[in-house]
file target-v7.txt (compact mmCIF, C-alpha atoms)
# COMPACT_ATOMS: atom_id res chain seq x y z
CA MET X 26 5.16 -7.88 -9.13
CA ALA X 27 4.46 -5.90 -5.99
CA THR X 28 2.40 -7.20 -3.11
CA PRO X 29 -0.71 -5.05 -2.61
CA SER X 30 -0.27 -2.55 0.16
CA GLY X 31 -2.82 -2.56 2.94
CA LEU X 32 -3.94 1.03 2.49
CA PRO X 33 -4.13 3.60 -0.29
CA ALA X 34 -1.30 6.11 -0.04
CA GLY X 35 -2.11 9.04 2.20
CA SER X 36 -5.45 7.73 3.50
CA PRO X 37 -6.08 7.69 7.26
CA ALA X 38 -6.50 4.14 8.57
CA THR X 39 -9.98 5.00 9.82
CA SER X 40 -11.33 6.37 6.55
CA THR X 41 -14.05 4.56 4.64
CA SER X 42 -11.95 4.17 1.49
CA ALA X 43 -8.91 2.91 3.42
CA ARG X 44 -11.02 0.36 5.30
CA LEU X 45 -12.60 -0.95 2.09
CA TRP X 46 -9.21 -1.22 0.32
CA ALA X 47 -7.66 -2.96 3.33
CA GLU X 48 -10.51 -5.48 3.40
CA ALA X 49 -10.07 -6.22 -0.32
CA ALA X 50 -6.30 -6.60 0.06
CA THR X 51 -6.62 -8.82 3.13
CA ALA X 52 -9.19 -11.03 1.41
CA GLY X 53 -6.78 -11.62 -1.47
CA THR X 54 -9.02 -9.96 -4.05
CA VAL X 55 -6.38 -7.41 -5.05
CA TRP X 56 -3.65 -10.06 -5.28
CA ALA X 57 -5.89 -12.28 -7.43
CA ALA X 58 -6.53 -9.40 -9.84
CA LEU X 59 -2.81 -8.63 -10.13
CA HIS X 60 -2.04 -12.25 -10.98
CA HIS X 61 -5.03 -12.85 -13.24
CA PRO X 62 -3.89 -14.38 -16.57
CA PHE X 63 -5.19 -11.34 -18.47
CA VAL X 64 -3.06 -8.95 -16.41
CA ARG X 65 0.01 -11.20 -16.49
CA ARG X 66 -0.15 -11.52 -20.27
CA LEU X 67 -0.78 -7.80 -20.64
CA ALA X 68 2.36 -7.29 -18.53
CA ASP X 69 4.59 -9.56 -20.60
CA GLY X 70 3.14 -8.39 -23.92
CA THR X 71 1.74 -11.80 -24.94
CA LEU X 72 -1.95 -10.93 -24.61
CA PRO X 73 -3.53 -11.72 -28.01
CA PRO X 74 -4.59 -8.54 -29.84
CA ALA X 75 -8.14 -9.89 -30.29
CA VAL X 76 -8.48 -10.36 -26.54
CA PHE X 77 -7.26 -6.84 -25.85
CA ARG X 78 -9.63 -5.43 -28.45
CA PHE X 79 -12.54 -7.30 -26.81
CA TYR X 80 -11.50 -5.81 -23.46
CA ILE X 81 -11.46 -2.30 -24.95
CA ALA X 82 -15.01 -2.84 -26.24
CA GLN X 83 -16.11 -3.89 -22.76
CA ASP X 84 -14.29 -0.96 -21.21
CA ALA X 85 -16.27 1.40 -23.44
CA ALA X 86 -19.53 0.09 -21.95
CA PHE X 87 -17.99 0.27 -18.50
CA LEU X 88 -16.94 3.90 -18.93
CA ALA X 89 -20.38 4.86 -20.25
CA ALA X 90 -21.84 3.52 -17.00
CA PHE X 91 -19.21 5.48 -15.04
CA ALA X 92 -20.14 8.69 -16.84
CA ALA X 93 -23.81 8.10 -16.00
CA GLY X 94 -22.89 7.33 -12.39
CA TYR X 95 -21.04 10.61 -12.03
CA GLU X 96 -24.00 12.47 -13.52
CA GLY X 97 -26.35 10.82 -11.01
CA ALA X 98 -24.00 11.68 -8.14
CA ARG X 99 -23.73 15.28 -9.39
CA ALA X 100 -27.50 15.62 -9.43
CA ALA X 101 -27.69 14.29 -5.87
CA ALA X 102 -24.94 16.66 -4.72
CA ARG X 103 -26.79 19.59 -6.27
CA GLU X 104 -29.94 18.47 -4.46
CA ALA X 105 -27.96 18.52 -1.21
CA GLY X 106 -26.59 21.99 -2.02
CA ASP X 107 -22.98 20.77 -1.90
CA GLY X 108 -21.23 22.83 -4.55
CA ALA X 109 -17.78 21.51 -3.65
CA ALA X 110 -18.93 17.92 -4.27
CA VAL X 111 -20.45 18.98 -7.58
CA ASP X 112 -17.11 20.43 -8.63
CA VAL X 113 -15.20 17.25 -7.71
CA LEU X 114 -17.72 15.06 -9.53
CA THR X 115 -17.50 17.28 -12.60
CA GLY X 116 -13.73 16.78 -12.63
CA LEU X 117 -14.16 13.03 -12.26
CA GLY X 118 -16.54 13.01 -15.22
CA ASP X 119 -13.90 14.85 -17.24
CA ALA X 120 -11.40 12.12 -16.29
CA VAL X 121 -13.66 9.55 -18.00
CA ALA X 122 -13.36 11.59 -21.18
CA GLU X 123 -9.57 11.36 -20.84
CA GLU X 124 -9.78 7.57 -20.62
CA LEU X 125 -11.92 7.50 -23.74
CA ARG X 126 -9.16 9.39 -25.56
CA LEU X 127 -6.98 6.31 -24.99
CA HIS X 128 -9.68 4.29 -26.74
CA ALA X 129 -9.65 6.73 -29.63
CA ALA X 130 -5.88 6.34 -29.91
CA TYR X 131 -6.25 2.57 -30.12
CA ALA X 132 -8.93 2.93 -32.77
CA ALA X 133 -6.64 5.18 -34.80
CA ALA X 134 -3.78 2.69 -34.48
CA TRP X 135 -6.06 -0.13 -35.62
CA GLY X 136 -7.40 1.94 -38.50
CA VAL X 137 -11.04 1.86 -37.42
CA PRO X 138 -13.49 4.52 -36.20
CA PRO X 139 -13.94 4.56 -32.40
CA SER X 140 -17.56 3.44 -32.82
CA ASP X 141 -16.28 0.15 -34.24
CA LEU X 142 -14.70 -0.69 -30.90
CA ALA X 143 -18.08 -0.82 -29.19
CA GLY X 144 -19.76 -4.15 -28.73
CA PRO X 145 -22.52 -5.79 -26.72
CA PRO X 146 -21.62 -6.10 -23.03
CA ALA X 147 -20.42 -9.49 -21.84
CA PRO X 148 -22.31 -10.99 -18.87
CA ALA X 149 -19.73 -9.77 -16.33
CA THR X 150 -19.80 -6.25 -17.80
CA ALA X 151 -23.60 -6.20 -17.85
CA ALA X 152 -23.72 -7.40 -14.24
CA TYR X 153 -21.40 -4.65 -13.04
CA THR X 154 -23.04 -1.86 -15.01
CA ALA X 155 -26.46 -2.99 -13.72
CA PHE X 156 -25.07 -2.95 -10.18
CA LEU X 157 -23.71 0.55 -10.74
CA GLU X 158 -26.99 1.78 -12.21
CA GLY X 159 -28.77 0.60 -9.06
CA ALA X 160 -26.28 2.13 -6.63
CA GLY X 161 -27.91 4.65 -4.37
CA ASN X 162 -31.47 3.63 -5.20
CA GLY X 163 -33.63 4.55 -2.25
CA CYS X 164 -31.11 7.16 -1.05
CA ALA X 165 -31.10 10.90 -1.58
CA GLY X 166 -28.67 13.76 -1.30
CA LEU X 167 -25.24 12.97 0.11
CA ALA X 168 -26.25 9.41 1.01
CA ARG X 169 -26.85 8.78 -2.70
CA VAL X 170 -23.50 10.37 -3.58
CA ALA X 171 -21.76 8.12 -1.05
CA ALA X 172 -23.46 4.96 -2.36
CA ILE X 173 -22.54 5.73 -5.98
CA LEU X 174 -18.93 6.55 -5.10
CA ALA X 175 -18.60 3.39 -2.99
CA ALA X 176 -19.74 1.36 -6.00
CA MET X 177 -17.22 3.06 -8.29
CA ALA X 178 -14.16 3.50 -6.08
CA PRO X 179 -12.90 -0.13 -6.22
CA CYS X 180 -12.52 0.03 -10.00
CA SER X 181 -10.58 3.29 -10.02
CA ARG X 182 -8.31 2.26 -7.16
CA LEU X 183 -7.62 -1.18 -8.67
CA TYR X 184 -6.78 0.23 -12.11
CA GLY X 185 -4.29 2.57 -10.49
CA PHE X 186 -2.83 -0.23 -8.40
CA LEU X 187 -2.41 -2.50 -11.42
CA GLY X 188 -0.92 0.25 -13.56
CA CYS X 189 1.59 1.17 -10.85
CA ALA X 190 2.46 -2.47 -10.15
CA LEU X 191 3.25 -3.12 -13.82
CA ALA X 192 5.12 0.15 -14.22
CA GLY X 193 7.08 -0.55 -11.03
CA ALA X 194 8.00 -4.02 -12.29
CA GLY X 195 9.66 -2.36 -15.29
CA VAL X 196 7.79 -4.44 -17.87
CA VAL X 197 7.76 -1.58 -20.40
CA GLY X 198 11.44 -0.76 -20.02
CA ARG X 199 12.53 -4.31 -20.87
CA TRP X 200 11.22 -3.94 -24.39
CA GLY X 201 13.64 -2.80 -27.05
CA HIS X 202 16.33 -5.14 -25.67
CA GLU X 203 17.25 -8.78 -26.19
CA GLY X 204 15.57 -8.96 -29.58
CA MET X 205 12.21 -7.60 -28.38
CA ALA X 206 10.20 -5.06 -30.35
CA ALA X 207 11.12 -1.45 -29.68
CA ARG X 208 7.96 -0.72 -27.71
CA HIS X 209 5.81 -2.81 -25.40
CA PRO X 210 2.47 -3.44 -27.19
CA PHE X 211 0.47 -2.30 -24.14
CA ALA X 212 2.80 0.46 -22.97
CA ASP X 213 0.12 3.14 -23.46
CA TRP X 214 -2.25 1.29 -21.12
CA ILE X 215 0.39 0.80 -18.43
CA GLU X 216 1.62 4.37 -18.69
CA THR X 217 -1.92 5.80 -18.60
CA TYR X 218 -2.99 3.94 -15.46
CA SER X 219 0.25 4.63 -13.60
CA SER X 220 0.36 8.33 -14.50
CA PRO X 221 -0.13 11.11 -11.94
CA GLY X 222 -2.95 12.44 -14.10
CA TYR X 223 -4.92 9.20 -13.79
CA LEU X 224 -4.04 8.55 -10.14
CA ALA X 225 -5.50 11.93 -9.19
CA ALA X 226 -8.96 10.59 -10.07
CA PRO X 227 -9.16 7.71 -7.55
CA ALA X 228 -7.55 9.95 -4.91
CA ALA X 229 -10.20 12.63 -5.45
CA LYS X 230 -12.98 10.05 -5.52
CA GLU X 231 -11.84 8.46 -2.27
CA ALA X 232 -11.43 11.82 -0.56
CA LEU X 233 -14.98 12.78 -1.50
CA LEU X 234 -16.30 9.35 -0.48
CA ASP X 235 -14.63 9.70 2.92
CA LEU X 236 -16.14 13.14 3.33
CA VAL X 237 -19.72 12.32 2.36
CA ALA X 238 -19.71 8.95 4.15
CA GLY X 239 -19.21 10.90 7.35
CA GLU X 240 -22.38 12.84 6.61
CA VAL X 241 -24.73 9.84 6.39
CA ASP X 242 -26.16 7.81 9.23
CA LYS X 243 -24.68 4.58 10.54
CA GLY X 244 -27.19 2.31 8.80
CA GLU X 245 -26.47 3.87 5.42
CA ARG X 246 -22.73 3.53 5.99

call {"tool": "encode", "arguments": {"input": "target-v7.txt", "output": "structure tokens"}}
result
Amino acid sequence: MATPSGLPAGSPATSTSARLWAEAATAGTVWAALHHPFVRRLADGTLPPAVFRFYIAQDAAFLAAFAAGYEGARAAAREAGDGAAVDVLTGLGDAVAEELRLHAAYAAAWGVPPSDLAGPPAPATAAYTAFLEGAGNGCAGLARVAAILAAMAPCSRLYGFLGCALAGAGVVGRWGHEGMAARHPFADWIETYSSPGYLAAPAAKEALLDLVAGEVDKGER
């Protein structure tokens, strides 16, 4: 699998999002995620279905928190009178709805209603969603937008990185040969998170983060 690049594609080295990504890559956090047993078994198709279904349930809670985060950021952008930021955040909220369509497709494949995929959040999920809910507390206007986006950007960027790494490694294309099933069991996940449609979301989020981070004071940054 690919080594994590130091910077997101197309981001100036001095931008807030590029600096944060470079720090995560240098610290080994990105590499550790890529080689986590869950991701490796998702890549080779050996992840147990029950484990993947549990992950999907956790992702539903995660995405609900993302939708709420975007709504909070939109309200703060409106307060600041930044219509362009409101438009970007609206588009990012729509992207969450697209991700939830993937959940609905899994539910249909498993023969259950989408509501059956929901479950109580695991401790790690609850910790992150609580962190996200508190992002920007004590800030207003564009400073609040920046804080919320900074809390959300690592997830979006990492999902895109993982999707592209697995797609680039050709793990989906190897299926259908050498006695394997015709289609990789997690091909939809890999194809979704490596698609141009998905990758547009973290790019837009980082561009807006870079813009609004330049509008807040040094202490808030």

call {"tool": "residues_around", "arguments": {"input": "target-v7.txt", "residues": "range 192-201 of chain X", "least_positions_apart": "4", "cutoff": "12 Å", "atoms": "all atoms listed in the file", "output": "PyMOL selection string"}}
result
chain X and resi 26-28+59+64-71+185-188+205-220

call {"tool": "residues_near_point", "arguments": {"input": "target-v7.txt", "point": "(-14.3, 13.5, -18.6)", "cutoff": "12 Å", "atoms": "all atoms listed in the file", "output": "PyMOL selection string"}}
result
chain X and resi 88-89+91-93+95-96+113-126+223+226

call {"tool": "residues_near_point", "arguments": {"input": "target-v7.txt", "point": "(-30.0, 4.8, -1.2)", "cutoff": "12 Å", "atoms": "all atoms listed in the file", "output": "VMD selection string"}}
result
chain X and resid 98 101 158 to 176 241 to 242 244 to 246

call {"tool": "closest_residue", "arguments": {"input": "target-v7.txt", "among": "X:Val237, X:Asp84, X:Gly53, X:Cys189", "to": "Pro221 in chain X", "atoms": "all atoms listed in the file"}}
result
X:Cys189

call {"tool": "atom_distance", "arguments": {"input": "target-v7.txt", "atom1": "CA of Ile81 in chain X", "atom2": "CA of Leu142 in chain X"}}
result
7.0 Å

call {"tool": "closest_residue", "arguments": {"input": "target-v7.txt", "among": "X:Leu183, X:Ala225, X:Ala109, X:Ala190", "to": "Trp46 in chain X", "atoms": "only C-alpha atoms"}}
result
X:Leu183

call {"tool": "decode", "arguments": {"input": "target-v7.txt", "residues": "range 74-86 of chain X", "atoms": "all heavy atoms", "output": "JSON list (two decimals), in the first residue's frame"}}
result
[["chain", "number", "residue", "atom", "x", "y", "z"],
["X", 74, "PRO", "N", -18.17, -10.25, 8.07],
["X", 74, "PRO", "CA", -19.36, -9.43, 7.81],
["X", 74, "PRO", "C", -19.93, -8.78, 9.06],
["X", 74, "PRO", "O", -20.40, -7.63, 9.02],
["X", 74, "PRO", "CB", -20.34, -10.42, 7.18],
["X", 74, "PRO", "CG", -19.47, -11.45, 6.54],
["X", 74, "PRO", "CD", -18.29, -11.58, 7.45],
["X", 75, "ALA", "N", -19.91, -9.49, 10.20],
["X", 75, "ALA", "CA", -20.46, -8.93, 11.43],
["X", 75, "ALA", "C", -19.65, -7.71, 11.88],
["X", 75, "ALA", "O", -20.22, -6.75, 12.43],
["X", 75, "ALA", "CB", -20.48, -9.99, 12.53],
["X", 76, "VAL", "N", -18.35, -7.74, 11.67],
["X", 76, "VAL", "CA", -17.50, -6.62, 12.05],
["X", 76, "VAL", "C", -17.80, -5.42, 11.15],
["X", 76, "VAL", "O", -17.91, -4.28, 11.63],
["X", 76, "VAL", "CB", -16.02, -7.00, 11.96],
["X", 76, "VAL", "CG1", -15.12, -5.79, 12.21],
["X", 76, "VAL", "CG2", -15.70, -8.10, 12.97],
["X", 77, "PHE", "N", -17.96, -5.68, 9.86],
["X", 77, "PHE", "CA", -18.27, -4.58, 8.94],
["X", 77, "PHE", "C", -19.64, -3.99, 9.26],
["X", 77, "PHE", "O", -19.82, -2.76, 9.24],
["X", 77, "PHE", "CB", -18.24, -5.08, 7.49],
["X", 77, "PHE", "CG", -18.39, -3.98, 6.49],
["X", 77, "PHE", "CD1", -17.36, -3.07, 6.27],
["X", 77, "PHE", "CD2", -19.56, -3.85, 5.75],
["X", 77, "PHE", "CE1", -17.50, -2.05, 5.34],
["X", 77, "PHE", "CE2", -19.70, -2.82, 4.82],
["X", 77, "PHE", "CZ", -18.68, -1.94, 4.62],
["X", 78, "ARG", "N", -20.59, -4.84, 9.59],
["X", 78, "ARG", "CA", -21.93, -4.34, 9.91],
["X", 78, "ARG", "C", -21.89, -3.49, 11.19],
["X", 78, "ARG", "O", -22.57, -2.46, 11.28],
["X", 78, "ARG", "CB", -22.90, -5.52, 10.09],
["X", 78, "ARG", "CG", -24.33, -5.09, 10.32],
["X", 78, "ARG", "CD", -25.28, -6.23, 10.05],
["X", 78, "ARG", "NE", -26.63, -5.90, 10.44],
["X", 78, "ARG", "CZ", -27.70, -6.59, 10.09],
["X", 78, "ARG", "NH1", -27.58, -7.65, 9.32],
["X", 78, "ARG", "NH2", -28.91, -6.23, 10.48],
["X", 79, "PHE", "N", -21.08, -3.90, 12.17],
["X", 79, "PHE", "CA", -20.92, -3.08, 13.38],
["X", 79, "PHE", "C", -20.32, -1.72, 13.03],
["X", 79, "PHE", "O", -20.77, -0.68, 13.52],
["X", 79, "PHE", "CB", -20.02, -3.81, 14.38],
["X", 79, "PHE", "CG", -19.68, -2.99, 15.60],
["X", 79, "PHE", "CD1", -20.59, -2.85, 16.63],
["X", 79, "PHE", "CD2", -18.45, -2.36, 15.70],
["X", 79, "PHE", "CE1", -20.29, -2.08, 17.75],
["X", 79, "PHE", "CE2", -18.14, -1.59, 16.81],
["X", 79, "PHE", "CZ", -19.05, -1.46, 17.84],
["X", 80, "TYR", "N", -19.32, -1.74, 12.15],
["X", 80, "TYR", "CA", -18.71, -0.48, 11.71],
["X", 80, "TYR", "C", -19.75, 0.43, 11.05],
["X", 80, "TYR", "O", -19.78, 1.64, 11.30],
["X", 80, "TYR", "CB", -17.55, -0.76, 10.75],
["X", 80, "TYR", "CG", -17.31, 0.36, 9.77],
["X", 80, "TYR", "CD1", -16.73, 1.56, 10.17],
["X", 80, "TYR", "CD2", -17.71, 0.23, 8.43],
["X", 80, "TYR", "CE1", -16.54, 2.59, 9.27],
["X", 80, "TYR", "CE2", -17.52, 1.26, 7.53],
["X", 80, "TYR", "CZ", -16.94, 2.44, 7.95],
["X", 80, "TYR", "OH", -16.77, 3.46, 7.06],
["X", 81, "ILE", "N", -20.60, -0.13, 10.19],
["X", 81, "ILE", "CA", -21.61, 0.67, 9.51],
["X", 81, "ILE", "C", -22.55, 1.31, 10.53],
["X", 81, "ILE", "O", -22.95, 2.48, 10.40],
["X", 81, "ILE", "CB", -22.40, -0.19, 8.50],
["X", 81, "ILE", "CG1", -21.51, -0.54, 7.29],
["X", 81, "ILE", "CG2", -23.65, 0.52, 8.02],
["X", 81, "ILE", "CD1", -21.08, 0.64, 6.45],
["X", 82, "ALA", "N", -22.90, 0.56, 11.58],
["X", 82, "ALA", "CA", -23.77, 1.13, 12.63],
["X", 82, "ALA", "C", -23.07, 2.30, 13.32],
["X", 82, "ALA", "O", -23.69, 3.34, 13.60],
["X", 82, "ALA", "CB", -24.12, 0.05, 13.65],
["X", 83, "GLN", "N", -21.76, 2.16, 13.57],
["X", 83, "GLN", "CA", -21.03, 3.25, 14.20],
["X", 83, "GLN", "C", -20.90, 4.44, 13.25],
["X", 83, "GLN", "O", -20.98, 5.60, 13.66],
["X", 83, "GLN", "CB", -19.64, 2.76, 14.62],
["X", 83, "GLN", "CG", -19.65, 1.67, 15.67],
["X", 83, "GLN", "CD", -20.43, 2.07, 16.91],
["X", 83, "GLN", "OE1", -20.11, 3.08, 17.56],
["X", 83, "GLN", "NE2", -21.46, 1.31, 17.24],
["X", 84, "ASP", "N", -20.73, 4.15, 11.98],
["X", 84, "ASP", "CA", -20.60, 5.22, 10.99],
["X", 84, "ASP", "C", -21.89, 6.02, 10.89],
["X", 84, "ASP", "O", -21.86, 7.23, 10.61],
["X", 84, "ASP", "CB", -20.25, 4.61, 9.63],
["X", 84, "ASP", "CG", -19.65, 5.62, 8.67],
["X", 84, "ASP", "OD1", -18.83, 6.46, 9.12],
["X", 84, "ASP", "OD2", -19.98, 5.58, 7.48],
["X", 85, "ALA", "N", -23.03, 5.37, 11.11],
["X", 85, "ALA", "CA", -24.30, 6.10, 11.08],
["X", 85, "ALA", "C", -24.34, 7.16, 12.18],
["X", 85, "ALA", "O", -24.77, 8.30, 11.95],
["X", 85, "ALA", "CB", -25.46, 5.12, 11.23],
["X", 86, "ALA", "N", -23.88, 6.79, 13.38],
["X", 86, "ALA", "CA", -23.83, 7.75, 14.48],
["X", 86, "ALA", "C", -22.83, 8.86, 14.18],
["X", 86, "ALA", "O", -23.06, 10.05, 14.46],
["X", 86, "ALA", "CB", -23.45, 7.04, 15.78]]
